[in-house]
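Enquirer: Okay, so here is entry_0.cif, and as you'll see once you scroll down, it has mmCIF, C-alpha atoms.
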data_work
#
loop_
_atom_site.label_atom_id
_atom_site.label_comp_id
_atom_site.auth_asym_id
_atom_site.auth_seq_id
_atom_site.Cartn_x
_atom_site.Cartn_y
_atom_site.Cartn_z
CA MET T 1009 10.40 -8.37 -5.98
CA ILE T 1010 8.82 -5.06 -5.01
CA ASN T 1011 5.67 -4.09 -6.92
CA LEU T 1012 4.14 -0.64 -6.47
CA ILE T 1013 0.54 -0.53 -7.69
CA LEU T 1014 -0.88 2.96 -8.01
CA GLY T 1015 -4.26 4.17 -9.22
CA GLY T 1016 -7.26 6.28 -8.45
CA VAL T 1017 -10.24 5.31 -6.32
CA ARG T 1018 -11.87 2.12 -7.63
CA SER T 1019 -9.27 1.75 -10.39
CA GLY T 1020 -8.71 -1.96 -9.63
CA LYS T 1021 -5.40 -1.66 -7.76
CA SER T 1022 -6.33 -3.93 -4.83
CA ARG T 1023 -7.86 -6.51 -7.15
CA GLN T 1024 -4.70 -6.47 -9.29
CA ALA T 1025 -2.47 -7.01 -6.24
CA GLU T 1026 -4.68 -9.84 -5.03
CA GLN T 1027 -4.69 -11.56 -8.45
CA LEU T 1028 -0.91 -11.32 -8.74
CA ALA T 1029 -0.44 -12.61 -5.19
CA THR T 1030 -2.74 -15.55 -5.91
CA LYS T 1031 -0.70 -16.41 -9.02
CA SER T 1032 2.49 -16.50 -6.93
CA ASN T 1033 1.42 -19.82 -5.36
CA HIS T 1034 2.99 -18.70 -2.07
CA PRO T 1035 1.22 -18.19 1.23
CA VAL T 1036 -0.14 -14.62 1.32
CA ILE T 1037 0.16 -12.19 4.19
CA TYR T 1038 -2.23 -9.28 3.76
CA ILE T 1039 -1.27 -6.17 5.72
CA ALA T 1040 -4.30 -3.90 5.99
CA THR T 1041 -3.75 -0.30 7.08
CA ALA T 1042 -7.34 0.96 7.17
CA THR T 1043 -9.00 2.01 10.41
CA ALA T 1044 -12.76 1.98 10.90
CA GLY T 1045 -13.40 5.62 11.73
CA ASP T 1046 -17.02 5.61 10.59
CA GLU T 1047 -19.78 3.19 9.56
CA GLU T 1048 -19.01 3.36 5.84
CA MET T 1049 -15.37 2.46 6.46
CA ARG T 1050 -16.37 -0.35 8.83
CA GLN T 1051 -18.54 -1.79 6.08
CA ARG T 1052 -15.78 -1.46 3.46
CA ILE T 1053 -13.29 -3.22 5.75
CA GLU T 1054 -15.77 -6.03 6.38
CA VAL T 1055 -16.39 -6.50 2.64
CA HIS T 1056 -12.64 -6.71 2.03
CA ARG T 1057 -12.24 -9.23 4.87
CA THR T 1058 -14.93 -11.53 3.51
CA GLN T 1059 -13.59 -11.38 -0.06
CA ARG T 1060 -10.08 -12.52 0.87
CA PRO T 1061 -9.29 -16.23 0.75
CA SER T 1062 -9.49 -17.84 4.18
CA THR T 1063 -5.98 -19.23 3.72
CA TRP T 1064 -4.48 -15.73 3.72
CA THR T 1065 -3.13 -14.26 6.93
CA THR T 1066 -4.50 -10.77 7.58
CA VAL T 1067 -2.60 -8.36 9.80
CA GLU T 1068 -4.08 -4.96 10.65
CA VAL T 1069 -1.35 -2.32 10.96
CA PRO T 1070 -2.41 1.32 10.99
CA LEU T 1071 1.00 2.85 11.88
CA ALA T 1072 4.09 0.64 12.34
CA LEU T 1073 4.26 -0.68 8.78
CA ALA T 1074 8.02 -1.31 8.51
CA GLU T 1075 7.98 -3.17 11.81
CA ALA T 1076 5.07 -5.33 10.63
CA LEU T 1077 6.75 -6.06 7.30
CA GLN T 1078 9.93 -7.12 9.06
CA GLN T 1079 8.02 -9.23 11.57
CA HIS T 1080 5.81 -11.02 9.04
CA ALA T 1081 8.19 -11.37 6.12
CA GLN T 1082 8.94 -15.06 5.79
CA LYS T 1083 10.71 -17.00 3.09
CA GLU T 1084 8.33 -18.36 0.50
CA CYS T 1085 5.55 -15.89 1.20
CA CYS T 1086 3.96 -13.05 -0.68
CA ILE T 1087 2.95 -9.84 1.08
CA ILE T 1088 0.28 -7.32 0.10
CA VAL T 1089 0.15 -3.92 1.81
CA ASP T 1090 -3.20 -2.21 1.21
CA CYS T 1091 -2.84 0.67 1.29
CA LEU T 1092 0.01 3.14 1.68
CA THR T 1093 -2.16 6.25 1.44
CA LEU T 1094 -4.40 5.08 4.30
CA TRP T 1095 -1.24 4.38 6.32
CA LEU T 1096 0.04 7.86 5.50
CA THR T 1097 -3.33 9.38 6.48
CA ASN T 1098 -3.18 7.56 9.83
CA LEU T 1099 0.24 9.05 10.50
CA LEU T 1100 -0.64 12.57 9.30
CA THR T 1101 -3.80 12.81 11.40
CA ARG T 1102 -1.88 11.88 14.57
CA GLY T 1103 -0.02 15.18 14.30
CA ASP T 1104 3.27 13.61 15.37
CA GLU T 1105 5.88 14.86 12.88
CA ALA T 1106 8.70 12.81 14.40
CA ARG T 1107 6.67 9.59 14.15
CA LEU T 1108 5.67 10.35 10.55
CA LYS T 1109 9.29 10.91 9.56
CA ALA T 1110 10.55 7.85 11.46
CA GLU T 1111 7.89 5.50 10.03
CA ARG T 1112 8.43 6.74 6.47
CA GLU T 1113 12.21 6.42 6.71
CA ALA T 1114 11.93 2.97 8.28
CA LEU T 1115 9.76 1.79 5.39
CA ILE T 1116 12.02 3.24 2.69
CA ASP T 1117 15.13 1.78 4.35
CA LEU T 1118 13.57 -1.66 4.78
CA LEU T 1119 12.18 -2.21 1.28
CA PRO T 1120 15.47 -3.07 -0.49
CA LYS T 1121 16.27 -5.56 2.29
CA LEU T 1122 13.07 -7.59 1.88
CA ASP T 1123 13.73 -10.74 -0.12
CA ARG T 1124 10.23 -11.71 -1.15
CA GLU T 1125 7.34 -10.82 -3.38
CA LEU T 1126 5.75 -7.61 -2.14
CA TYR T 1127 2.74 -5.71 -3.50
CA LEU T 1128 2.35 -2.15 -2.23
CA VAL T 1129 -1.03 -0.65 -3.10
CA SER T 1130 -1.51 3.12 -3.02
CA ASN T 1131 -3.81 5.84 -4.32
CA GLU T 1132 -2.41 8.16 -6.96
CA THR T 1133 -3.82 11.45 -5.71
CA ASN T 1134 -1.72 13.97 -7.58
CA SER T 1135 -3.35 13.99 -10.99
CA GLY T 1136 -5.90 16.64 -10.22
CA VAL T 1137 -6.31 20.05 -8.67
CA ILE T 1138 -4.19 21.11 -5.72
CA PRO T 1139 -6.44 20.97 -2.64
CA ILE T 1140 -7.31 24.22 -0.91
CA ASP T 1141 -6.96 23.10 2.72
CA PRO T 1142 -3.51 22.62 4.29
CA LEU T 1143 -3.93 19.01 5.52
CA SER T 1144 -5.17 17.77 2.14
CA ARG T 1145 -2.37 19.61 0.37
CA ARG T 1146 0.18 18.13 2.76
CA PHE T 1147 -1.28 14.68 2.19
CA CYS T 1148 -0.86 15.08 -1.58
CA TYR T 1149 2.72 16.28 -1.20
CA GLU T 1150 3.66 13.53 1.26
CA SER T 1151 2.06 10.78 -0.84
CA GLY T 1152 3.80 12.09 -3.96
CA PHE T 1153 7.19 12.04 -2.24
CA LEU T 1154 6.50 8.59 -0.77
CA HIS T 1155 5.52 7.18 -4.18
CA GLN T 1156 8.67 8.59 -5.77
CA GLU T 1157 10.89 7.01 -3.11
CA ILE T 1158 9.16 3.64 -3.34
CA ALA T 1159 9.20 3.72 -7.15
CA LYS T 1160 13.00 4.08 -7.00
CA ALA T 1161 13.21 0.85 -5.01
CA ALA T 1162 10.49 -1.00 -6.93
CA ASP T 1163 11.18 -3.66 -9.52
CA ARG T 1164 7.80 -3.04 -11.11
CA VAL T 1165 5.48 -0.02 -10.99
CA ILE T 1166 1.92 -0.43 -12.24
CA LEU T 1167 -0.59 2.35 -12.78
CA MET T 1168 -4.17 1.09 -12.79
CA VAL T 1169 -6.65 2.95 -15.00
CA ALA T 1170 -10.24 1.68 -15.35
CA GLY T 1171 -9.17 -1.80 -14.22
CA LEU T 1172 -6.37 -1.93 -16.80
CA PRO T 1173 -2.74 -2.24 -15.66
CA GLN T 1174 -0.28 0.15 -17.28
CA ILE T 1175 3.29 -0.94 -16.64
CA LEU T 1176 5.45 2.08 -15.86
CA ARG T 1177 8.54 0.07 -14.92
CA GLY T 1178 9.48 -3.58 -15.03
CA GLU T 1179 8.38 -6.76 -16.69
CA PRO T 1180 4.95 -7.08 -18.33
CA LEU T 1181 2.29 -9.01 -16.45
#
Spit out the file's structure as structure tokens when you get a sec.
Expert:
Amino acid sequence: MINLILGGVRSGKSRQAEQLATKSNHPVIYIATATAGDEEMRQRIEVHRTQRPSTWTTVEVPLALAEALQQHAQKECCIIVDCLTLWLTNLLTRGDEARLKAEREALIDLLPKLDRELYLVSNETNSGVIPIDPLSRRFCYESGFLHQEIAKAADRVILMVAGLPQILRGEPL
């Protein structure tokens, strides 16, 4: 079952994914896409690491997400990917258009083939003003297209607002 969990910054999307994964009673594989580019991000990553249950397997994957999903997907496990927009940022800032396209296509192609519980966490960035600078604008466009493609494949789409899950598609929680 593919779950796409969208929301703004600090909307509760990661917490929601973690709670749902815990309820699954399956071993959890947590795929983290963040990179520690500065001190604030290093601290955020460390806080997230210490908050996760010690029984969860954490895999840090800044770029090759589809490959990591395929490699770590096991029967009777639950996978959290946190988060797609950081993964997309990592790819965009590399400046390698071919790699961006290949990684995105690989992810979209793989999702319907995964036979397990999957929680994809991502920031909904397209509810505000269109950014003035080209990279930020491109990021918004790319994340919007990515979310649309994943939502097509998802069994459930959740929009988090102020810590409250709004079900856009699929079964209630």
Enquirer: Rank T:Glu1150, T:Glu1047, T:Asp1123, T:Asp1090 by their smallest atom-to-atom distance to Glu1068 of chain T, using all atoms listed in the file, and report the top residue only.
Expert: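 Of all the options, T:Asp1090 lies closest to Glu1068 of chain T.
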Enquirer: Would you list the contacts of Asn1131 of chain T as JSON, numbers by chain, taking every protein, DNA or RNA residue within 10 Å and counting all atoms listed in the file, but skipping same-chain residues closer than 3 positions in sequence?
Expert: {"T": [1013, 1014, 1015, 1016, 1017, 1018, 1019, 1021, 1090, 1091, 1092, 1093, 1094, 1134, 1151, 1152, 1155, 1167, 1168]}
Enquirer: Please produce a file of those selected residues containing C-alpha atoms, as a PDB file, keeping the file's coordinate frame.
Expert:
ATOM      1  CA  ILE T1013       0.540  -0.530  -7.690  1.00  0.00           C
ATOM      2  CA  LEU T1014      -0.880   2.960  -8.010  1.00  0.00           C
ATOM      3  CA  GLY T1015      -4.260   4.170  -9.220  1.00  0.00           C
ATOM      4  CA  GLY T1016      -7.260   6.280  -8.450  1.00  0.00           C
ATOM      5  CA  VAL T1017     -10.240   5.310  -6.320  1.00  0.00           C
ATOM      6  CA  ARG T1018     -11.870   2.120  -7.630  1.00  0.00           C
ATOM      7  CA  SER T1019      -9.270   1.750 -10.390  1.00  0.00           C
ATOM      8  CA  LYS T1021      -5.400  -1.660  -7.760  1.00  0.00           C
ATOM      9  CA  ASP T1090      -3.200  -2.210   1.210  1.00  0.00           C
ATOM     10  CA  CYS T1091      -2.840   0.670   1.290  1.00  0.00           C
ATOM     11  CA  LEU T1092       0.010   3.140   1.680  1.00  0.00           C
ATOM     12  CA  THR T1093      -2.160   6.250   1.440  1.00  0.00           C
ATOM     13  CA  LEU T1094      -4.400   5.080   4.300  1.00  0.00           C
ATOM     14  CA  ASN T1134      -1.720  13.970  -7.580  1.00  0.00           C
ATOM     15  CA  SER T1151       2.060  10.780  -0.840  1.00  0.00           C
ATOM     16  CA  GLY T1152       3.800  12.090  -3.960  1.00  0.00           C
ATOM     17  CA  HIS T1155       5.520   7.180  -4.180  1.00  0.00           C
ATOM     18  CA  LEU T1167      -0.590   2.350 -12.780  1.00  0.00           C
ATOM     19  CA  MET T1168      -4.170   1.090 -12.790  1.00  0.00           C
TER      20      MET T1168
END
Enquirer: Atom CA of Glu1026 of chain T and atom CA of Ala1162 of chain T are how many Å apart?
Expert: 17.7 Å
Enquirer: Please write the residues picked by the PyMOL selection byres ((chain T and resi 1112) around 12) on this file as a PDB file with C-alpha atoms, in the coordinates of the input.
Expert:
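Done, and the output landed in expr_12.pdb:
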ATOM      1  CA  LEU T1071       1.000   2.850  11.880  1.00  0.00           C
ATOM      2  CA  ALA T1072       4.090   0.640  12.340  1.00  0.00           C
ATOM      3  CA  LEU T1073       4.260  -0.680   8.780  1.00  0.00           C
ATOM      4  CA  ALA T1074       8.020  -1.310   8.510  1.00  0.00           C
ATOM      5  CA  GLU T1075       7.980  -3.170  11.810  1.00  0.00           C
ATOM      6  CA  LEU T1092       0.010   3.140   1.680  1.00  0.00           C
ATOM      7  CA  THR T1093      -2.160   6.250   1.440  1.00  0.00           C
ATOM      8  CA  TRP T1095      -1.240   4.380   6.320  1.00  0.00           C
ATOM      9  CA  LEU T1096       0.040   7.860   5.500  1.00  0.00           C
ATOM     10  CA  LEU T1099       0.240   9.050  10.500  1.00  0.00           C
ATOM     11  CA  LEU T1100      -0.640  12.570   9.300  1.00  0.00           C
ATOM     12  CA  GLU T1105       5.880  14.860  12.880  1.00  0.00           C
ATOM     13  CA  ALA T1106       8.700  12.810  14.400  1.00  0.00           C
ATOM     14  CA  ARG T1107       6.670   9.590  14.150  1.00  0.00           C
ATOM     15  CA  LEU T1108       5.670  10.350  10.550  1.00  0.00           C
ATOM     16  CA  LYS T1109       9.290  10.910   9.560  1.00  0.00           C
ATOM     17  CA  ALA T1110      10.550   7.850  11.460  1.00  0.00           C
ATOM     18  CA  GLU T1111       7.890   5.500  10.030  1.00  0.00           C
ATOM     19  CA  GLU T1113      12.210   6.420   6.710  1.00  0.00           C
ATOM     20  CA  ALA T1114      11.930   2.970   8.280  1.00  0.00           C
ATOM     21  CA  LEU T1115       9.760   1.790   5.390  1.00  0.00           C
ATOM     22  CA  ILE T1116      12.020   3.240   2.690  1.00  0.00           C
ATOM     23  CA  ASP T1117      15.130   1.780   4.350  1.00  0.00           C
ATOM     24  CA  LEU T1118      13.570  -1.660   4.780  1.00  0.00           C
ATOM     25  CA  LEU T1119      12.180  -2.210   1.280  1.00  0.00           C
ATOM     26  CA  GLU T1150       3.660  13.530   1.260  1.00  0.00           C
ATOM     27  CA  SER T1151       2.060  10.780  -0.840  1.00  0.00           C
ATOM     28  CA  PHE T1153       7.190  12.040  -2.240  1.00  0.00           C
ATOM     29  CA  LEU T1154       6.500   8.590  -0.770  1.00  0.00           C
ATOM     30  CA  HIS T1155       5.520   7.180  -4.180  1.00  0.00           C
ATOM     31  CA  GLU T1157      10.890   7.010  -3.110  1.00  0.00           C
ATOM     32  CA  ILE T1158       9.160   3.640  -3.340  1.00  0.00           C
TER      33      ILE T1158
END
Enquirer: Can you work out the spacing between atom CA of Gln1059 of chain T and atom CA of Tyr1038 of chain T in Å, to one decimal?
Expert: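 Interatomic distance here is 12.2 Å.
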Enquirer: How many Å separate atom CA of Pro1142 of chain T from atom CA of Ala1076 of chain T?
Expert: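 Result for atom CA of Pro1142 of chain T versus atom CA of Ala1076 of chain T: 29.9 Å, one decimal.
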Enquirer: Given the point (-8.6, -9.8, 1.5) in the coordinates of this file, which residues lie within 12 Å, counting all atoms listed in the file, and how would they look as an MDAnalysis selection string?
Expert: chainID T and resid 1022:1027 1029:1030 1036:1040 1052:1068 1087:1091
Enquirer: Would you kindly translate the PyMOL selection byres ((chain T and resi 1177-1179) around 12) into the concrete residues it picks from this file, as a list of chain:residue names?
Expert: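 What the PyMOL selection byres ((chain T and resi 1177-1179) around 12) grabs from the file is T:Met1009, T:Ile1010, T:Asn1011, T:Leu1012, T:Ile1013, T:Ala1159, T:Lys1160, T:Ala1161, T:Ala1162, T:Asp1163, T:Arg1164, T:Val1165, T:Ile1166, T:Leu1167, T:Pro1173, T:Gln1174, T:Ile1175, T:Leu1176, T:Pro1180, T:Leu1181.
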Enquirer: Give the answer as one residue: which of T:Thr1133, T:Ser1144, T:Ser1032, T:Thr1041 has the shortest atom-to-atom distance to Leu1077 of chain T, using only C-alpha atoms?
Expert: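 Selected residue with least distance to Leu1077 of chain T: T:Thr1041.
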Enquirer: T:Cys1086, T:Val1169, T:Cys1148, T:Ile1140: which is nearest Asn1033 of chain T, counting only C-alpha atoms?
Expert: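 So, comparing all the options, the nearest one is T:Cys1086.
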Enquirer: T:Arg1145, T:Glu1084, T:Val1137, T:Asn1098: which is nearest Val1069 of chain T, counting all atoms listed in the file?
Expert: T:Asn1098
